[in-house]
>>> print(open('upload24.pdb').read())   # PDB, C-alpha atoms, pLDDT in the B column
ATOM      1  CA  MET O   1       0.000   0.000   0.000  1.00 72.00           C
ATOM      2  CA  ASN O   2       1.063   3.555  -0.459  1.00 91.00           C
ATOM      3  CA  LEU O   3       1.595   6.212   2.184  1.00 93.00           C
ATOM      4  CA  ARG O   4      -1.581   8.109   1.339  1.00 94.00           C
ATOM      5  CA  SER O   5      -3.885   5.152   1.834  1.00 95.00           C
ATOM      6  CA  ARG O   6      -2.105   4.037   5.018  1.00 94.00           C
ATOM      7  CA  LEU O   7      -2.309   7.555   6.457  1.00 95.00           C
ATOM      8  CA  VAL O   8      -6.035   7.722   5.677  1.00 96.00           C
ATOM      9  CA  GLU O   9      -6.484   4.330   7.352  1.00 95.00           C
ATOM     10  CA  LEU O  10      -4.616   5.571  10.442  1.00 94.00           C
ATOM     11  CA  ILE O  11      -6.767   8.701  10.666  1.00 95.00           C
ATOM     12  CA  ASN O  12      -9.897   6.563  10.330  1.00 95.00           C
ATOM     13  CA  ALA O  13      -8.681   4.213  13.073  1.00 92.00           C
ATOM     14  CA  LEU O  14      -8.067   7.196  15.358  1.00 91.00           C
ATOM     15  CA  ASP O  15     -11.532   8.545  14.607  1.00 93.00           C
ATOM     16  CA  GLU O  16     -13.009   5.180  15.534  1.00 91.00           C
ATOM     17  CA  LEU O  17     -11.089   5.190  18.817  1.00 88.00           C
ATOM     18  CA  LEU O  18     -12.171   8.738  19.612  1.00 88.00           C
ATOM     19  CA  CYS O  19     -15.822   7.942  18.906  1.00 89.00           C
ATOM     20  CA  ASN O  20     -16.081   4.533  20.563  1.00 85.00           C
ATOM     21  CA  VAL O  21     -13.653   4.383  23.463  1.00 83.00           C
ATOM     22  CA  ALA O  22     -13.890   6.140  26.798  1.00 82.00           C
ATOM     23  CA  MET O  23     -10.531   7.594  27.828  1.00 82.00           C
ATOM     24  CA  THR O  24      -9.145  10.140  30.247  1.00 83.00           C
ATOM     25  CA  GLY O  25      -9.139  13.800  29.284  1.00 89.00           C
ATOM     26  CA  GLU O  26      -5.350  13.944  28.929  1.00 90.00           C
ATOM     27  CA  LEU O  27      -5.169  10.854  26.728  1.00 87.00           C
ATOM     28  CA  ARG O  28      -8.071  12.123  24.617  1.00 89.00           C
ATOM     29  CA  GLU O  29      -6.239  15.438  24.129  1.00 92.00           C
ATOM     30  CA  GLN O  30      -3.108  13.572  22.999  1.00 90.00           C
ATOM     31  CA  TYR O  31      -5.189  11.627  20.483  1.00 89.00           C
ATOM     32  CA  LEU O  32      -6.795  14.837  19.210  1.00 93.00           C
ATOM     33  CA  ARG O  33      -3.400  16.544  18.792  1.00 93.00           C
ATOM     34  CA  GLN O  34      -2.025  13.544  16.910  1.00 92.00           C
ATOM     35  CA  ARG O  35      -5.170  13.392  14.784  1.00 93.00           C
ATOM     36  CA  ALA O  36      -4.769  17.080  13.835  1.00 95.00           C
ATOM     37  CA  LEU O  37      -1.093  16.559  12.985  1.00 94.00           C
ATOM     38  CA  LEU O  38      -1.833  13.529  10.818  1.00 94.00           C
ATOM     39  CA  SER O  39      -4.594  15.449   9.049  1.00 95.00           C
ATOM     40  CA  ALA O  40      -2.174  18.253   8.194  1.00 95.00           C
ATOM     41  CA  MET O  41       0.370  15.685   7.043  1.00 94.00           C
ATOM     42  CA  LEU O  42      -2.237  14.059   4.811  1.00 95.00           C
ATOM     43  CA  ASP O  43      -2.822  17.405   3.090  1.00 94.00           C
ATOM     44  CA  GLU O  44       0.915  17.595   2.396  1.00 93.00           C
ATOM     45  CA  VAL O  45       1.124  13.961   1.250  1.00 93.00           C
ATOM     46  CA  LEU O  46      -1.712  14.626  -1.191  1.00 93.00           C
ATOM     47  CA  ARG O  47       0.061  17.723  -2.502  1.00 93.00           C
ATOM     48  CA  GLN O  48       3.478  16.186  -3.092  1.00 91.00           C
ATOM     49  CA  GLU O  49       4.771  13.408  -5.326  1.00 91.00           C
ATOM     50  CA  PHE O  50       7.191  10.883  -3.807  1.00 91.00           C
ATOM     51  CA  ASP O  51       9.679   8.304  -4.946  1.00 92.00           C
ATOM     52  CA  LYS O  52       8.145   5.156  -3.452  1.00 93.00           C
ATOM     53  CA  HIS O  53      11.419   3.285  -3.714  1.00 93.00           C
ATOM     54  CA  THR O  54      13.398   5.358  -1.211  1.00 93.00           C
ATOM     55  CA  GLY O  55      14.244   3.993   2.204  1.00 94.00           C
ATOM     56  CA  THR O  56      12.542   6.882   4.004  1.00 94.00           C
ATOM     57  CA  TYR O  57       9.302   6.326   2.098  1.00 95.00           C
ATOM     58  CA  LYS O  58       9.318   2.614   2.887  1.00 95.00           C
ATOM     59  CA  VAL O  59      10.016   3.320   6.570  1.00 95.00           C
ATOM     60  CA  ALA O  60       7.134   5.821   6.666  1.00 95.00           C
ATOM     61  CA  VAL O  61       4.738   3.234   5.229  1.00 95.00           C
ATOM     62  CA  GLU O  62       6.023   0.562   7.628  1.00 95.00           C
ATOM     63  CA  GLN O  63       5.713   2.813  10.696  1.00 95.00           C
ATOM     64  CA  THR O  64       2.232   3.895   9.617  1.00 95.00           C
ATOM     65  CA  ASN O  65       1.255   0.227   9.227  1.00 95.00           C
ATOM     66  CA  LYS O  66       2.414  -0.418  12.795  1.00 94.00           C
ATOM     67  CA  ALA O  67       0.440   2.561  14.087  1.00 93.00           C
ATOM     68  CA  VAL O  68      -2.716   1.349  12.297  1.00 94.00           C
ATOM     69  CA  LYS O  69      -2.347  -2.116  13.830  1.00 93.00           C
ATOM     70  CA  SER O  70      -1.761  -0.592  17.257  1.00 91.00           C
ATOM     71  CA  ALA O  71      -4.852   1.607  16.942  1.00 90.00           C
ATOM     72  CA  LYS O  72      -6.977  -1.371  15.943  1.00 89.00           C
ATOM     73  CA  ARG O  73      -5.676  -3.388  18.922  1.00 88.00           C
ATOM     74  CA  ALA O  74      -6.469  -0.454  21.197  1.00 85.00           C
ATOM     75  CA  LEU O  75     -10.137  -0.763  20.290  1.00 83.00           C
ATOM     76  CA  ARG O  76     -10.091  -4.178  21.965  1.00 82.00           C
ATOM     77  CA  GLU O  77      -7.461  -3.767  24.675  1.00 81.00           C
ATOM     78  CA  THR O  78      -7.454  -0.923  27.174  1.00 74.00           C
ATOM     79  CA  GLU O  79      -3.742  -1.171  27.985  1.00 70.00           C
ATOM     80  CA  GLU O  80      -2.868  -0.596  24.330  1.00 77.00           C
ATOM     81  CA  ARG O  81      -4.399   2.883  24.174  1.00 77.00           C
ATOM     82  CA  GLU O  82      -1.369   4.723  25.519  1.00 76.00           C
ATOM     83  CA  ALA O  83       0.949   2.705  23.273  1.00 82.00           C
ATOM     84  CA  VAL O  84      -0.943   3.998  20.231  1.00 85.00           C
ATOM     85  CA  ILE O  85       0.350   7.519  20.879  1.00 85.00           C
ATOM     86  CA  GLN O  86       3.924   6.213  20.793  1.00 86.00           C
ATOM     87  CA  GLU O  87       3.310   4.364  17.517  1.00 88.00           C
ATOM     88  CA  ILE O  88       1.636   7.418  15.982  1.00 90.00           C
ATOM     89  CA  THR O  89       4.577   9.584  17.017  1.00 89.00           C
ATOM     90  CA  LYS O  90       6.984   7.169  15.324  1.00 91.00           C
ATOM     91  CA  ALA O  91       4.789   7.142  12.213  1.00 92.00           C
ATOM     92  CA  ALA O  92       4.557  10.952  12.172  1.00 91.00           C
ATOM     93  CA  ASN O  93       8.330  11.266  12.452  1.00 90.00           C
ATOM     94  CA  ALA O  94       8.810   8.770   9.626  1.00 92.00           C
ATOM     95  CA  ILE O  95       6.245  10.559   7.446  1.00 92.00           C
ATOM     96  CA  ASP O  96       7.938  13.862   8.235  1.00 91.00           C
ATOM     97  CA  ALA O  97      11.221  12.453   6.929  1.00 91.00           C
ATOM     98  CA  VAL O  98       9.464  11.962   3.595  1.00 92.00           C
ATOM     99  CA  ILE O  99       7.402  15.158   3.340  1.00 91.00           C
ATOM    100  CA  LYS O 100       9.766  17.425   5.294  1.00 82.00           C
ATOM    101  CA  PHE O 101       6.874  18.978   7.216  1.00 69.00           C
ATOM    102  CA  ALA O 102       9.223  19.906  10.101  1.00 63.00           C
ATOM    103  CA  VAL O 103       7.318  18.349  12.986  1.00 55.00           C
TER     104      VAL O 103
END
>>> encode(input="upload24.pdb", output="structure tokens")
Amino acid sequence: MNLRSRLVELINALDELLCNVAMTGELREQYLRQRALLSAMLDEVLRQEFDKHTGTYKVAVEQTNKAVKSAKRALRETEEREAVIQEITKAANAIDAVIKFAV
């Protein structure tokens, strides 16, 4: 899959978490901040063209895949919800290496 579709899937997974899972105010705020960042990154990913064969692009897709899986697990497992933020941060950093958004 490409970065655009994986990023959309991650945003959708976060939306599902935000709508269906009760969480503390602080954790919810972290999710909302990450969701806003990923949304801005998606705008940039849609605007730019990328060489899908570079190492940074492949890492960004891989990290985003991990974040999607983590978000989906968090729907089922309470203890995974805080780990999602860490996976999203890794994904955002990897995406930033591709789009040079300067996060």
>>> atom_distance(input="upload24.pdb", atom1="CA of Leu10 in chain O", atom2="CA of Leu38 in chain O")
8.4 Å
>>> atom_distance(input="upload24.pdb", atom1="CA of Asn20 in chain O", atom2="CA of Val59 in chain O")
29.6 Å
>>> residues_around(input="upload24.pdb", residues="Ser39 in chain O", least_positions_apart="4", cutoff="10 Å", atoms="only C-alpha atoms", output="MDAnalysis selection string")
chainID O and resid 7:8 10:11 33:35 43:45
>>> resolve_selection(input="upload24.pdb", expression="the PyMOL selection byres ((chain O and resi 83-96) around 9)", output="compact mmCIF listing (two decimals) with C-alpha atoms, keeping the file's coordinate frame")
# COMPACT_ATOMS: atom_id res chain seq x y z
CA LEU O 3 1.60 6.21 2.18
CA LEU O 10 -4.62 5.57 10.44
CA LEU O 27 -5.17 10.85 26.73
CA GLN O 30 -3.11 13.57 23.00
CA TYR O 31 -5.19 11.63 20.48
CA GLN O 34 -2.02 13.54 16.91
CA LEU O 37 -1.09 16.56 12.98
CA LEU O 38 -1.83 13.53 10.82
CA MET O 41 0.37 15.68 7.04
CA VAL O 45 1.12 13.96 1.25
CA THR O 56 12.54 6.88 4.00
CA TYR O 57 9.30 6.33 2.10
CA VAL O 59 10.02 3.32 6.57
CA ALA O 60 7.13 5.82 6.67
CA VAL O 61 4.74 3.23 5.23
CA GLU O 62 6.02 0.56 7.63
CA GLN O 63 5.71 2.81 10.70
CA THR O 64 2.23 3.90 9.62
CA ASN O 65 1.25 0.23 9.23
CA LYS O 66 2.41 -0.42 12.80
CA ALA O 67 0.44 2.56 14.09
CA VAL O 68 -2.72 1.35 12.30
CA LYS O 69 -2.35 -2.12 13.83
CA SER O 70 -1.76 -0.59 17.26
CA ALA O 71 -4.85 1.61 16.94
CA ARG O 73 -5.68 -3.39 18.92
CA ALA O 74 -6.47 -0.45 21.20
CA GLU O 79 -3.74 -1.17 27.98
CA GLU O 80 -2.87 -0.60 24.33
CA ARG O 81 -4.40 2.88 24.17
CA GLU O 82 -1.37 4.72 25.52
CA ALA O 97 11.22 12.45 6.93
CA VAL O 98 9.46 11.96 3.60
CA ILE O 99 7.40 15.16 3.34
CA LYS O 100 9.77 17.42 5.29
CA PHE O 101 6.87 18.98 7.22
CA ALA O 102 9.22 19.91 10.10
CA VAL O 103 7.32 18.35 12.99
>>> atom_distance(input="upload24.pdb", atom1="CA of Leu75 in chain O", atom2="CA of Leu42 in chain O")
22.8 Å
>>> closest_residue(input="upload24.pdb", among="O:Asp15, O:Met23, O:Met1, O:Leu32", to="Lys58 in chain O", atoms="only C-alpha atoms")
O:Met1
>>> closest_residue(input="upload24.pdb", among="O:Ser5, O:Thr78, O:Gly55, O:Gln48", to="Ala22 in chain O", atoms="all atoms listed in the file")
O:Thr78
>>> build_atoms(input="upload24.pdb", residues="range 15-30 of chain O", atoms="N, CA and C atoms", output="PDB file, keeping the file's coordinate frame")
ATOM      1  N   ASP O  15     -10.154   8.058  14.490  1.00 93.00           N
ATOM      2  CA  ASP O  15     -11.532   8.545  14.607  1.00 93.00           C
ATOM      3  C   ASP O  15     -12.414   7.508  15.287  1.00 93.00           C
ATOM      4  N   GLU O  16     -12.228   6.252  14.923  1.00 91.00           N
ATOM      5  CA  GLU O  16     -13.009   5.180  15.534  1.00 91.00           C
ATOM      6  C   GLU O  16     -12.723   5.080  17.032  1.00 91.00           C
ATOM      7  N   LEU O  17     -11.450   5.197  17.399  1.00 88.00           N
ATOM      8  CA  LEU O  17     -11.089   5.190  18.817  1.00 88.00           C
ATOM      9  C   LEU O  17     -11.735   6.367  19.546  1.00 88.00           C
ATOM     10  N   LEU O  18     -11.633   7.536  18.968  1.00 88.00           N
ATOM     11  CA  LEU O  18     -12.171   8.738  19.612  1.00 88.00           C
ATOM     12  C   LEU O  18     -13.685   8.663  19.789  1.00 88.00           C
ATOM     13  N   CYS O  19     -14.359   8.036  18.846  1.00 89.00           N
ATOM     14  CA  CYS O  19     -15.822   7.942  18.906  1.00 89.00           C
ATOM     15  C   CYS O  19     -16.323   6.813  19.799  1.00 89.00           C
ATOM     16  N   ASN O  20     -15.559   5.741  19.928  1.00 85.00           N
ATOM     17  CA  ASN O  20     -16.081   4.533  20.563  1.00 85.00           C
ATOM     18  C   ASN O  20     -15.423   4.113  21.862  1.00 85.00           C
ATOM     19  N   VAL O  21     -14.396   4.817  22.285  1.00 83.00           N
ATOM     20  CA  VAL O  21     -13.653   4.383  23.463  1.00 83.00           C
ATOM     21  C   VAL O  21     -13.614   5.510  24.489  1.00 83.00           C
ATOM     22  N   ALA O  22     -14.002   5.172  25.712  1.00 82.00           N
ATOM     23  CA  ALA O  22     -13.890   6.140  26.798  1.00 82.00           C
ATOM     24  C   ALA O  22     -12.425   6.210  27.228  1.00 82.00           C
ATOM     25  N   MET O  23     -11.916   7.414  27.382  1.00 82.00           N
ATOM     26  CA  MET O  23     -10.531   7.594  27.828  1.00 82.00           C
ATOM     27  C   MET O  23     -10.415   8.875  28.639  1.00 82.00           C
ATOM     28  N   THR O  24      -9.348   8.970  29.400  1.00 83.00           N
ATOM     29  CA  THR O  24      -9.145  10.140  30.247  1.00 83.00           C
ATOM     30  C   THR O  24      -9.005  11.395  29.378  1.00 83.00           C
ATOM     31  N   GLY O  25      -9.240  12.531  29.999  1.00 89.00           N
ATOM     32  CA  GLY O  25      -9.139  13.800  29.284  1.00 89.00           C
ATOM     33  C   GLY O  25      -7.777  14.039  28.671  1.00 89.00           C
ATOM     34  N   GLU O  26      -6.710  13.728  29.426  1.00 90.00           N
ATOM     35  CA  GLU O  26      -5.350  13.944  28.929  1.00 90.00           C
ATOM     36  C   GLU O  26      -5.043  13.047  27.731  1.00 90.00           C
ATOM     37  N   LEU O  27      -5.411  11.778  27.833  1.00 87.00           N
ATOM     38  CA  LEU O  27      -5.169  10.854  26.728  1.00 87.00           C
ATOM     39  C   LEU O  27      -5.987  11.266  25.502  1.00 87.00           C
ATOM     40  N   ARG O  28      -7.213  11.667  25.716  1.00 89.00           N
ATOM     41  CA  ARG O  28      -8.071  12.123  24.617  1.00 89.00           C
ATOM     42  C   ARG O  28      -7.438  13.333  23.918  1.00 89.00           C
ATOM     43  N   GLU O  29      -6.896  14.255  24.698  1.00 92.00           N
ATOM     44  CA  GLU O  29      -6.239  15.438  24.129  1.00 92.00           C
ATOM     45  C   GLU O  29      -5.030  15.037  23.296  1.00 92.00           C
ATOM     46  N   GLN O  30      -4.263  14.054  23.770  1.00 90.00           N
ATOM     47  CA  GLN O  30      -3.108  13.572  22.999  1.00 90.00           C
ATOM     48  C   GLN O  30      -3.571  12.985  21.667  1.00 90.00           C
TER      49      GLN O  30
END
